[in-house]
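Okay, start.cif is below, mmCIF, N, CA and C atoms:
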data_work
loop_
_atom_site.label_atom_id
_atom_site.label_comp_id
_atom_site.auth_asym_id
_atom_site.auth_seq_id
_atom_site.Cartn_x
_atom_site.Cartn_y
_atom_site.Cartn_z
N MET A 1 -92.27 9.80 109.91
CA MET A 1 -93.71 9.90 109.93
C MET A 1 -94.13 11.13 110.73
N ALA A 2 -94.91 11.98 110.15
CA ALA A 2 -95.35 13.19 110.82
C ALA A 2 -96.54 12.88 111.72
N GLY A 3 -96.48 13.34 112.97
CA GLY A 3 -97.59 13.16 113.89
C GLY A 3 -97.89 11.70 114.17
N MET A 4 -99.16 11.42 114.38
CA MET A 4 -99.60 10.06 114.70
C MET A 4 -100.34 9.47 113.51
N GLU A 5 -99.67 9.38 112.39
CA GLU A 5 -100.27 8.84 111.18
C GLU A 5 -100.66 7.38 111.40
N ARG A 6 -101.86 7.05 111.01
CA ARG A 6 -102.37 5.69 111.19
C ARG A 6 -101.71 4.75 110.18
N ARG A 7 -101.27 3.60 110.66
CA ARG A 7 -100.66 2.59 109.79
C ARG A 7 -101.73 1.64 109.27
N ILE A 8 -101.60 1.27 108.02
CA ILE A 8 -102.49 0.29 107.40
C ILE A 8 -102.15 -1.08 107.98
N ARG A 9 -103.20 -1.81 108.40
CA ARG A 9 -103.03 -3.16 108.95
C ARG A 9 -103.63 -4.17 107.98
N VAL A 10 -102.80 -5.14 107.57
CA VAL A 10 -103.21 -6.12 106.56
C VAL A 10 -102.94 -7.53 107.08
N LEU A 11 -103.92 -8.40 106.89
CA LEU A 11 -103.75 -9.82 107.19
C LEU A 11 -103.53 -10.55 105.87
N ILE A 12 -102.45 -11.31 105.77
CA ILE A 12 -102.18 -12.13 104.59
C ILE A 12 -102.40 -13.58 104.99
N ALA A 13 -103.22 -14.29 104.22
CA ALA A 13 -103.59 -15.66 104.59
C ALA A 13 -103.48 -16.62 103.41
N LYS A 14 -103.18 -17.87 103.72
CA LYS A 14 -103.12 -18.97 102.76
C LYS A 14 -104.22 -19.97 103.14
N PRO A 15 -105.38 -19.86 102.52
CA PRO A 15 -106.45 -20.80 102.88
C PRO A 15 -106.27 -22.18 102.24
N GLY A 16 -106.81 -23.17 102.90
CA GLY A 16 -106.84 -24.51 102.32
C GLY A 16 -105.55 -25.28 102.46
N LEU A 17 -105.42 -26.29 101.63
CA LEU A 17 -104.31 -27.23 101.73
C LEU A 17 -103.11 -26.86 100.88
N ASP A 18 -103.21 -25.79 100.11
CA ASP A 18 -102.11 -25.33 99.27
C ASP A 18 -100.90 -25.02 100.15
N GLY A 19 -99.78 -25.65 99.88
CA GLY A 19 -98.59 -25.46 100.70
C GLY A 19 -97.56 -24.51 100.12
N HIS A 20 -97.89 -23.81 99.06
CA HIS A 20 -96.94 -22.91 98.41
C HIS A 20 -97.15 -21.49 98.92
N ASP A 21 -96.26 -21.03 99.77
CA ASP A 21 -96.47 -19.72 100.40
C ASP A 21 -95.42 -18.68 100.04
N ARG A 22 -94.58 -18.96 99.08
CA ARG A 22 -93.52 -18.00 98.75
C ARG A 22 -94.10 -16.66 98.31
N GLY A 23 -95.11 -16.68 97.44
CA GLY A 23 -95.73 -15.44 96.97
C GLY A 23 -96.34 -14.65 98.11
N ALA A 24 -97.02 -15.33 99.01
CA ALA A 24 -97.64 -14.65 100.15
C ALA A 24 -96.58 -13.99 101.02
N LYS A 25 -95.46 -14.67 101.21
CA LYS A 25 -94.37 -14.10 102.02
C LYS A 25 -93.73 -12.91 101.33
N VAL A 26 -93.59 -12.97 100.01
CA VAL A 26 -93.02 -11.84 99.26
C VAL A 26 -93.93 -10.62 99.39
N VAL A 27 -95.24 -10.84 99.25
CA VAL A 27 -96.20 -9.73 99.38
C VAL A 27 -96.19 -9.19 100.80
N ALA A 28 -96.19 -10.07 101.79
CA ALA A 28 -96.17 -9.62 103.19
C ALA A 28 -94.94 -8.76 103.45
N ARG A 29 -93.79 -9.18 102.95
CA ARG A 29 -92.55 -8.42 103.15
C ARG A 29 -92.62 -7.05 102.46
N ALA A 30 -93.15 -7.02 101.25
CA ALA A 30 -93.26 -5.76 100.51
C ALA A 30 -94.18 -4.78 101.24
N LEU A 31 -95.28 -5.29 101.79
CA LEU A 31 -96.21 -4.42 102.52
C LEU A 31 -95.54 -3.89 103.79
N ARG A 32 -94.81 -4.75 104.49
CA ARG A 32 -94.06 -4.30 105.68
C ARG A 32 -93.05 -3.23 105.30
N ASP A 33 -92.31 -3.49 104.22
CA ASP A 33 -91.30 -2.53 103.77
C ASP A 33 -91.92 -1.18 103.39
N ALA A 34 -93.20 -1.21 103.01
CA ALA A 34 -93.92 0.02 102.66
C ALA A 34 -94.53 0.70 103.89
N GLY A 35 -94.25 0.17 105.08
CA GLY A 35 -94.70 0.80 106.32
C GLY A 35 -96.02 0.28 106.87
N MET A 36 -96.52 -0.79 106.31
CA MET A 36 -97.79 -1.35 106.80
C MET A 36 -97.52 -2.38 107.90
N GLU A 37 -98.50 -2.55 108.76
CA GLU A 37 -98.44 -3.64 109.73
C GLU A 37 -99.03 -4.86 109.06
N VAL A 38 -98.31 -5.97 109.08
CA VAL A 38 -98.75 -7.17 108.39
C VAL A 38 -98.82 -8.34 109.37
N ILE A 39 -99.93 -9.03 109.34
CA ILE A 39 -100.11 -10.25 110.10
C ILE A 39 -100.17 -11.37 109.07
N TYR A 40 -99.22 -12.28 109.13
CA TYR A 40 -99.21 -13.42 108.21
C TYR A 40 -99.66 -14.64 108.99
N THR A 41 -100.74 -15.27 108.55
CA THR A 41 -101.34 -16.36 109.32
C THR A 41 -100.68 -17.70 109.09
N GLY A 42 -99.87 -17.82 108.05
CA GLY A 42 -99.26 -19.10 107.76
C GLY A 42 -100.14 -19.97 106.88
N LEU A 43 -99.72 -21.20 106.71
CA LEU A 43 -100.38 -22.14 105.80
C LEU A 43 -101.62 -22.78 106.41
N ARG A 44 -102.45 -23.31 105.51
CA ARG A 44 -103.58 -24.19 105.84
C ARG A 44 -104.61 -23.57 106.79
N GLN A 45 -105.00 -22.35 106.46
CA GLN A 45 -105.99 -21.64 107.27
C GLN A 45 -107.40 -21.91 106.74
N THR A 46 -108.35 -22.04 107.65
CA THR A 46 -109.75 -22.14 107.24
C THR A 46 -110.32 -20.73 107.12
N PRO A 47 -111.40 -20.57 106.38
CA PRO A 47 -112.03 -19.24 106.33
C PRO A 47 -112.38 -18.72 107.73
N GLU A 48 -112.83 -19.60 108.61
CA GLU A 48 -113.18 -19.19 109.98
C GLU A 48 -111.96 -18.65 110.72
N MET A 49 -110.82 -19.33 110.56
CA MET A 49 -109.59 -18.88 111.21
C MET A 49 -109.15 -17.52 110.66
N ILE A 50 -109.29 -17.34 109.37
CA ILE A 50 -108.88 -16.09 108.72
C ILE A 50 -109.73 -14.93 109.21
N VAL A 51 -111.04 -15.10 109.21
CA VAL A 51 -111.93 -14.02 109.64
C VAL A 51 -111.76 -13.74 111.13
N SER A 52 -111.61 -14.77 111.93
CA SER A 52 -111.40 -14.58 113.36
C SER A 52 -110.12 -13.78 113.62
N ALA A 53 -109.04 -14.14 112.95
CA ALA A 53 -107.78 -13.41 113.12
C ALA A 53 -107.91 -11.96 112.64
N ALA A 54 -108.60 -11.76 111.53
CA ALA A 54 -108.77 -10.40 110.99
C ALA A 54 -109.52 -9.51 111.98
N ILE A 55 -110.54 -10.05 112.60
CA ILE A 55 -111.32 -9.27 113.57
C ILE A 55 -110.51 -9.02 114.83
N GLN A 56 -109.85 -10.06 115.33
CA GLN A 56 -109.03 -9.91 116.54
C GLN A 56 -107.91 -8.90 116.34
N GLU A 57 -107.32 -8.89 115.17
CA GLU A 57 -106.20 -8.00 114.88
C GLU A 57 -106.66 -6.62 114.37
N ASP A 58 -107.96 -6.43 114.22
CA ASP A 58 -108.52 -5.15 113.77
C ASP A 58 -107.86 -4.66 112.48
N VAL A 59 -107.83 -5.56 111.47
CA VAL A 59 -107.17 -5.21 110.22
C VAL A 59 -108.06 -4.37 109.32
N ASP A 60 -107.41 -3.69 108.39
CA ASP A 60 -108.11 -2.90 107.39
C ASP A 60 -108.39 -3.72 106.14
N ALA A 61 -107.55 -4.73 105.90
CA ALA A 61 -107.67 -5.52 104.68
C ALA A 61 -107.20 -6.95 104.92
N ILE A 62 -107.78 -7.86 104.13
CA ILE A 62 -107.37 -9.27 104.12
C ILE A 62 -106.93 -9.60 102.70
N GLY A 63 -105.74 -10.17 102.60
CA GLY A 63 -105.25 -10.64 101.31
C GLY A 63 -105.15 -12.15 101.32
N LEU A 64 -105.86 -12.80 100.40
CA LEU A 64 -105.80 -14.25 100.29
C LEU A 64 -104.88 -14.63 99.14
N SER A 65 -103.98 -15.57 99.39
CA SER A 65 -103.10 -16.09 98.36
C SER A 65 -103.56 -17.51 98.05
N ILE A 66 -104.03 -17.71 96.81
CA ILE A 66 -104.61 -19.01 96.45
C ILE A 66 -104.03 -19.51 95.13
N LEU A 67 -103.45 -20.69 95.19
CA LEU A 67 -102.89 -21.31 93.99
C LEU A 67 -103.59 -22.61 93.66
N SER A 68 -104.50 -23.04 94.52
CA SER A 68 -105.07 -24.38 94.44
C SER A 68 -106.24 -24.54 93.46
N GLY A 69 -106.77 -23.42 92.97
CA GLY A 69 -107.95 -23.49 92.11
C GLY A 69 -109.26 -23.39 92.87
N ALA A 70 -109.18 -23.28 94.20
CA ALA A 70 -110.38 -23.20 95.03
C ALA A 70 -110.73 -21.76 95.41
N HIS A 71 -110.29 -20.80 94.58
CA HIS A 71 -110.46 -19.38 94.90
C HIS A 71 -111.91 -18.97 95.07
N MET A 72 -112.81 -19.46 94.22
CA MET A 72 -114.22 -19.05 94.33
C MET A 72 -114.77 -19.45 95.70
N HIS A 73 -114.49 -20.67 96.11
CA HIS A 73 -114.98 -21.16 97.40
C HIS A 73 -114.42 -20.32 98.55
N TYR A 74 -113.11 -20.12 98.57
CA TYR A 74 -112.51 -19.43 99.71
C TYR A 74 -112.90 -17.96 99.78
N PHE A 75 -112.91 -17.27 98.67
CA PHE A 75 -113.34 -15.87 98.69
C PHE A 75 -114.80 -15.76 99.12
N ARG A 76 -115.64 -16.63 98.59
CA ARG A 76 -117.07 -16.61 98.95
C ARG A 76 -117.26 -16.86 100.45
N GLU A 77 -116.55 -17.84 100.99
CA GLU A 77 -116.67 -18.16 102.41
C GLU A 77 -116.15 -17.04 103.30
N VAL A 78 -115.00 -16.49 102.97
CA VAL A 78 -114.45 -15.40 103.78
C VAL A 78 -115.40 -14.20 103.74
N LYS A 79 -115.91 -13.88 102.57
CA LYS A 79 -116.84 -12.75 102.44
C LYS A 79 -118.11 -12.99 103.27
N ARG A 80 -118.65 -14.20 103.18
CA ARG A 80 -119.86 -14.55 103.94
C ARG A 80 -119.62 -14.42 105.45
N LEU A 81 -118.51 -14.94 105.91
CA LEU A 81 -118.20 -14.87 107.34
C LEU A 81 -117.96 -13.44 107.80
N LEU A 82 -117.31 -12.63 106.97
CA LEU A 82 -117.13 -11.22 107.32
C LEU A 82 -118.49 -10.54 107.50
N GLU A 83 -119.40 -10.83 106.58
CA GLU A 83 -120.75 -10.25 106.69
C GLU A 83 -121.45 -10.73 107.95
N GLU A 84 -121.37 -12.03 108.23
CA GLU A 84 -122.00 -12.58 109.44
C GLU A 84 -121.45 -11.94 110.71
N GLU A 85 -120.17 -11.60 110.70
CA GLU A 85 -119.52 -11.03 111.88
C GLU A 85 -119.64 -9.50 111.94
N GLY A 86 -120.35 -8.91 110.96
CA GLY A 86 -120.50 -7.46 110.94
C GLY A 86 -119.21 -6.75 110.56
N ALA A 87 -118.36 -7.44 109.81
CA ALA A 87 -117.05 -6.87 109.44
C ALA A 87 -116.89 -6.80 107.93
N SER A 88 -117.98 -6.60 107.23
CA SER A 88 -117.92 -6.59 105.76
C SER A 88 -117.19 -5.37 105.21
N ASP A 89 -116.86 -4.42 106.09
CA ASP A 89 -116.11 -3.25 105.64
C ASP A 89 -114.61 -3.54 105.50
N ILE A 90 -114.16 -4.69 105.98
CA ILE A 90 -112.75 -5.06 105.80
C ILE A 90 -112.54 -5.36 104.32
N LEU A 91 -111.57 -4.68 103.71
CA LEU A 91 -111.27 -4.89 102.29
C LEU A 91 -110.77 -6.31 102.08
N LEU A 92 -111.28 -6.96 101.06
CA LEU A 92 -110.84 -8.30 100.71
C LEU A 92 -110.19 -8.25 99.34
N PHE A 93 -108.95 -8.71 99.26
CA PHE A 93 -108.25 -8.76 97.98
C PHE A 93 -107.48 -10.07 97.92
N GLY A 94 -106.93 -10.36 96.77
CA GLY A 94 -106.20 -11.61 96.69
C GLY A 94 -105.35 -11.73 95.46
N GLY A 95 -104.67 -12.86 95.41
CA GLY A 95 -103.82 -13.12 94.27
C GLY A 95 -103.48 -14.59 94.20
N GLY A 96 -102.75 -14.92 93.16
CA GLY A 96 -102.37 -16.30 92.94
C GLY A 96 -102.73 -16.71 91.53
N ILE A 97 -103.03 -17.98 91.39
CA ILE A 97 -103.40 -18.51 90.07
C ILE A 97 -104.92 -18.47 89.97
N ILE A 98 -105.43 -17.40 89.39
CA ILE A 98 -106.87 -17.19 89.27
C ILE A 98 -107.16 -16.88 87.81
N PRO A 99 -107.95 -17.72 87.15
CA PRO A 99 -108.26 -17.49 85.73
C PRO A 99 -108.92 -16.13 85.51
N ASP A 100 -108.54 -15.47 84.41
CA ASP A 100 -109.09 -14.15 84.08
C ASP A 100 -110.61 -14.14 84.09
N GLU A 101 -111.23 -15.23 83.62
CA GLU A 101 -112.69 -15.25 83.53
C GLU A 101 -113.36 -15.27 84.91
N ASP A 102 -112.61 -15.61 85.96
CA ASP A 102 -113.18 -15.61 87.31
C ASP A 102 -113.07 -14.26 88.01
N VAL A 103 -112.22 -13.38 87.51
CA VAL A 103 -112.02 -12.09 88.16
C VAL A 103 -113.32 -11.28 88.25
N PRO A 104 -114.11 -11.14 87.16
CA PRO A 104 -115.37 -10.39 87.30
C PRO A 104 -116.33 -11.01 88.32
N LYS A 105 -116.35 -12.34 88.40
CA LYS A 105 -117.21 -13.02 89.39
C LYS A 105 -116.74 -12.70 90.80
N LEU A 106 -115.44 -12.65 91.02
CA LEU A 106 -114.90 -12.32 92.34
C LEU A 106 -115.21 -10.87 92.70
N LYS A 107 -115.10 -9.98 91.72
CA LYS A 107 -115.41 -8.56 91.98
C LYS A 107 -116.89 -8.40 92.33
N GLU A 108 -117.76 -9.17 91.64
CA GLU A 108 -119.19 -9.15 91.97
C GLU A 108 -119.44 -9.59 93.40
N LEU A 109 -118.64 -10.55 93.85
CA LEU A 109 -118.73 -11.06 95.22
C LEU A 109 -118.31 -10.02 96.25
N GLY A 110 -117.56 -9.01 95.80
CA GLY A 110 -117.08 -7.98 96.71
C GLY A 110 -115.59 -8.00 96.95
N VAL A 111 -114.86 -8.77 96.14
CA VAL A 111 -113.41 -8.77 96.23
C VAL A 111 -112.91 -7.49 95.58
N ALA A 112 -112.15 -6.70 96.32
CA ALA A 112 -111.75 -5.36 95.86
C ALA A 112 -110.73 -5.40 94.74
N ALA A 113 -109.83 -6.38 94.76
CA ALA A 113 -108.80 -6.47 93.73
C ALA A 113 -108.25 -7.89 93.66
N VAL A 114 -107.84 -8.27 92.46
CA VAL A 114 -107.23 -9.57 92.24
C VAL A 114 -105.92 -9.35 91.48
N PHE A 115 -104.83 -9.87 92.04
CA PHE A 115 -103.51 -9.70 91.45
C PHE A 115 -102.99 -11.05 90.98
N GLY A 116 -102.66 -11.14 89.71
CA GLY A 116 -102.19 -12.39 89.14
C GLY A 116 -100.69 -12.52 89.17
N PRO A 117 -100.19 -13.64 88.67
CA PRO A 117 -98.74 -13.86 88.61
C PRO A 117 -98.07 -12.73 87.82
N GLY A 118 -96.93 -12.31 88.30
CA GLY A 118 -96.19 -11.26 87.62
C GLY A 118 -96.55 -9.85 88.04
N THR A 119 -97.58 -9.70 88.87
CA THR A 119 -97.94 -8.37 89.37
C THR A 119 -96.80 -7.86 90.24
N SER A 120 -96.45 -6.61 90.07
CA SER A 120 -95.39 -6.05 90.91
C SER A 120 -95.94 -5.82 92.32
N THR A 121 -95.08 -6.01 93.30
CA THR A 121 -95.52 -5.77 94.67
C THR A 121 -95.89 -4.30 94.86
N GLN A 122 -95.25 -3.40 94.08
CA GLN A 122 -95.57 -1.98 94.18
C GLN A 122 -97.03 -1.72 93.80
N GLU A 123 -97.54 -2.48 92.84
CA GLU A 123 -98.95 -2.33 92.44
C GLU A 123 -99.88 -2.68 93.61
N ILE A 124 -99.53 -3.70 94.37
CA ILE A 124 -100.34 -4.10 95.53
C ILE A 124 -100.24 -3.04 96.63
N VAL A 125 -99.03 -2.54 96.87
CA VAL A 125 -98.82 -1.47 97.84
C VAL A 125 -99.65 -0.25 97.45
N ASP A 126 -99.56 0.17 96.19
CA ASP A 126 -100.30 1.34 95.71
C ASP A 126 -101.80 1.16 95.88
N PHE A 127 -102.30 -0.05 95.55
CA PHE A 127 -103.73 -0.34 95.72
C PHE A 127 -104.14 -0.12 97.17
N LEU A 128 -103.41 -0.70 98.11
CA LEU A 128 -103.79 -0.58 99.52
C LEU A 128 -103.66 0.84 100.03
N LYS A 129 -102.63 1.56 99.58
CA LYS A 129 -102.45 2.95 100.02
C LYS A 129 -103.55 3.86 99.49
N ARG A 130 -104.21 3.44 98.43
CA ARG A 130 -105.34 4.20 97.89
C ARG A 130 -106.66 3.72 98.51
N ALA A 131 -106.86 2.41 98.56
CA ALA A 131 -108.16 1.85 98.96
C ALA A 131 -108.42 1.94 100.47
N VAL A 132 -107.40 1.72 101.29
CA VAL A 132 -107.63 1.72 102.74
C VAL A 132 -108.00 3.11 103.26
N PRO A 133 -107.31 4.19 102.86
CA PRO A 133 -107.76 5.51 103.31
C PRO A 133 -109.19 5.84 102.85
N GLU A 134 -109.58 5.34 101.68
CA GLU A 134 -110.98 5.52 101.23
C GLU A 134 -111.92 4.81 102.20
N ARG A 135 -111.54 3.63 102.67
CA ARG A 135 -112.32 2.88 103.67
C ARG A 135 -112.42 3.68 104.96
N TRP A 136 -111.28 4.23 105.42
CA TRP A 136 -111.28 5.03 106.63
C TRP A 136 -112.20 6.22 106.52
N GLN A 137 -112.16 6.87 105.36
CA GLN A 137 -113.00 8.03 105.13
C GLN A 137 -114.48 7.65 105.18
N ALA A 138 -114.82 6.54 104.56
CA ALA A 138 -116.21 6.06 104.54
C ALA A 138 -116.68 5.73 105.96
N GLN A 139 -115.76 5.34 106.84
CA GLN A 139 -116.10 5.00 108.22
C GLN A 139 -116.01 6.22 109.15
N GLY A 140 -115.60 7.34 108.58
CA GLY A 140 -115.43 8.54 109.41
C GLY A 140 -114.19 8.48 110.28
N LEU A 141 -113.20 7.67 109.89
CA LEU A 141 -111.97 7.53 110.67
C LEU A 141 -110.83 8.38 110.15
N ALA A 142 -111.02 8.97 108.98
CA ALA A 142 -109.91 9.74 108.38
C ALA A 142 -110.03 11.20 108.73
#

Now that the file is in, can you turn its structure into structure tokens?
Amino acid sequence: MAGMERRIRVLIAKPGLDGHDRGAKVVARALRDAGMEVIYTGLRQTPEMIVSAAIQEDVDAIGLSILSGAHMHYFREVKRLLEEEGASDILLFGGGIIPDEDVPKLKELGVAAVFGPGTSTQEIVDFLKRAVPERWQAQGLA
């Protein structure tokens, strides 16, 4: 790494009662392997816990892994809480079992990207390596 290059910080979270975290762990590992700092919150997180951890850890992005079918609720709640906390500039993305017809609704809500089953981890890495520096630039941090 040349100089003091800033590392991308990502929080990966599993909201709700869904106990299947293999995909979240695979994504977290891929992001780490790509040189990002990753905070994995573990299972059964509430939106409040996720947003609180994201702010405390000063992350650039939050990735939600949802397989339970409650994606609209959790994305909406996390987005609302980010706005309430003045942290709406944190990129919100996610993946899991999310019906194609819900993706445009999530994007309208402000979800930056949705990755479905079979997405390569490289696609998620590439998205963050493109989107986070754009966020930094918009904040005057780049």

* To do: Just the residues within 9 Å of Ile12 of chain A, please, counting only C-alpha atoms, with nothing from its chain fewer than 2 positions along; format it as a ChimeraX atom specification.
  => /A:10,14,24-25,27-28,38-42,50,61-65,94

Suppose we keep N, CA and C atoms; can you now write the selection as a PDB file, in the coordinates of the input?
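The result, written out as selection-v7.pdb:
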ATOM      1  N   VAL A  10    -102.800  -5.140 107.570  1.00  0.00           N
ATOM      2  CA  VAL A  10    -103.210  -6.120 106.560  1.00  0.00           C
ATOM      3  C   VAL A  10    -102.940  -7.530 107.080  1.00  0.00           C
ATOM      4  N   LYS A  14    -103.180 -17.870 103.720  1.00  0.00           N
ATOM      5  CA  LYS A  14    -103.120 -18.970 102.760  1.00  0.00           C
ATOM      6  C   LYS A  14    -104.220 -19.970 103.140  1.00  0.00           C
ATOM      7  N   ALA A  24     -97.020 -15.330  99.010  1.00  0.00           N
ATOM      8  CA  ALA A  24     -97.640 -14.650 100.150  1.00  0.00           C
ATOM      9  C   ALA A  24     -96.580 -13.990 101.020  1.00  0.00           C
ATOM     10  N   LYS A  25     -95.460 -14.670 101.210  1.00  0.00           N
ATOM     11  CA  LYS A  25     -94.370 -14.100 102.020  1.00  0.00           C
ATOM     12  C   LYS A  25     -93.730 -12.910 101.330  1.00  0.00           C
ATOM     13  N   VAL A  27     -95.240 -10.840  99.250  1.00  0.00           N
ATOM     14  CA  VAL A  27     -96.200  -9.730  99.380  1.00  0.00           C
ATOM     15  C   VAL A  27     -96.190  -9.190 100.800  1.00  0.00           C
ATOM     16  N   ALA A  28     -96.190 -10.070 101.790  1.00  0.00           N
ATOM     17  CA  ALA A  28     -96.170  -9.620 103.190  1.00  0.00           C
ATOM     18  C   ALA A  28     -94.940  -8.760 103.450  1.00  0.00           C
ATOM     19  N   VAL A  38     -98.310  -5.970 109.080  1.00  0.00           N
ATOM     20  CA  VAL A  38     -98.750  -7.170 108.390  1.00  0.00           C
ATOM     21  C   VAL A  38     -98.820  -8.340 109.370  1.00  0.00           C
ATOM     22  N   ILE A  39     -99.930  -9.030 109.340  1.00  0.00           N
ATOM     23  CA  ILE A  39    -100.110 -10.250 110.100  1.00  0.00           C
ATOM     24  C   ILE A  39    -100.170 -11.370 109.070  1.00  0.00           C
ATOM     25  N   TYR A  40     -99.220 -12.280 109.130  1.00  0.00           N
ATOM     26  CA  TYR A  40     -99.210 -13.420 108.210  1.00  0.00           C
ATOM     27  C   TYR A  40     -99.660 -14.640 108.990  1.00  0.00           C
ATOM     28  N   THR A  41    -100.740 -15.270 108.550  1.00  0.00           N
ATOM     29  CA  THR A  41    -101.340 -16.360 109.320  1.00  0.00           C
ATOM     30  C   THR A  41    -100.680 -17.700 109.090  1.00  0.00           C
ATOM     31  N   GLY A  42     -99.870 -17.820 108.050  1.00  0.00           N
ATOM     32  CA  GLY A  42     -99.260 -19.100 107.760  1.00  0.00           C
ATOM     33  C   GLY A  42    -100.140 -19.970 106.880  1.00  0.00           C
ATOM     34  N   ILE A  50    -109.290 -17.340 109.370  1.00  0.00           N
ATOM     35  CA  ILE A  50    -108.880 -16.090 108.720  1.00  0.00           C
ATOM     36  C   ILE A  50    -109.730 -14.930 109.210  1.00  0.00           C
ATOM     37  N   ALA A  61    -107.550  -4.730 105.900  1.00  0.00           N
ATOM     38  CA  ALA A  61    -107.670  -5.520 104.680  1.00  0.00           C
ATOM     39  C   ALA A  61    -107.200  -6.950 104.920  1.00  0.00           C
ATOM     40  N   ILE A  62    -107.780  -7.860 104.130  1.00  0.00           N
ATOM     41  CA  ILE A  62    -107.370  -9.270 104.120  1.00  0.00           C
ATOM     42  C   ILE A  62    -106.930  -9.600 102.700  1.00  0.00           C
ATOM     43  N   GLY A  63    -105.740 -10.170 102.600  1.00  0.00           N
ATOM     44  CA  GLY A  63    -105.250 -10.640 101.310  1.00  0.00           C
ATOM     45  C   GLY A  63    -105.150 -12.150 101.320  1.00  0.00           C
ATOM     46  N   LEU A  64    -105.860 -12.800 100.400  1.00  0.00           N
ATOM     47  CA  LEU A  64    -105.800 -14.250 100.290  1.00  0.00           C
ATOM     48  C   LEU A  64    -104.880 -14.630  99.140  1.00  0.00           C
ATOM     49  N   SER A  65    -103.980 -15.570  99.390  1.00  0.00           N
ATOM     50  CA  SER A  65    -103.100 -16.090  98.360  1.00  0.00           C
ATOM     51  C   SER A  65    -103.560 -17.510  98.050  1.00  0.00           C
ATOM     52  N   GLY A  94    -106.930 -10.360  96.770  1.00  0.00           N
ATOM     53  CA  GLY A  94    -106.200 -11.610  96.690  1.00  0.00           C
ATOM     54  C   GLY A  94    -105.350 -11.730  95.460  1.00  0.00           C
TER      55      GLY A  94
END

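The smallest atom-to-atom distance between Ile90 of chain A and any of A:Ile124, A:Leu11, A:Val26, A:Val59, using all atoms listed in the file, is found for A:Val59.
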
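Closest approach to Val114 of chain A among A:Asp126, A:Asp102, A:Ala131, A:Gly95: A:Gly95, based on only C-alpha atoms.
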
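Here atom N of Gly35 of chain A is placed at a distance of 12.9 Å from atom N of Glu5 of chain A.
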
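Taken over the whole file, the PyMOL selection byres ((chain A and resi 112) around 5) covers exactly A:Leu92, A:Phe93, A:Gly110, A:Val111, A:Ala113, A:Val114.
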
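Proximity to Val132 of chain A was assessed for A:Val78, A:Met36, A:Ile8, A:Ile66 counting all atoms listed in the file; the smallest distance is recorded for A:Ile8.
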
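Closest approach to Leu67 of chain A among A:Phe115, A:Leu141, A:Arg135, A:Val125 is made by A:Phe115 (distances from only C-alpha atoms).
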
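Checking A:Lys79, A:Leu31, A:Pro15, A:Ser120 one by one against Met49 of chain A, counting only C-alpha atoms, you find the shortest gap at A:Pro15.
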
* Skipping near chain neighbours, those fewer than 6 positions away, what residues fall within 12 Å of Glu134 of chain A using only C-alpha atoms, listed as number ranges by chain? -> A: 8, 60, 89-91, 127-128, 140-142

* To do: as JSON, numbers by chain, please: all residues of chain A that backbone DSSP puts in alpha helix (DSSP H).
  => {"A": [22, 23, 24, 25, 26, 27, 28, 29, 30, 31, 32, 33, 47, 48, 49, 50, 51, 52, 53, 54, 55, 56, 71, 72, 73, 74, 75, 76, 77, 78, 79, 80, 81, 82, 83, 84, 103, 104, 105, 106, 107, 108, 109, 121, 122, 123, 124, 125, 126, 127, 128, 129, 130, 131, 132, 133, 134, 135, 136, 137, 138]}
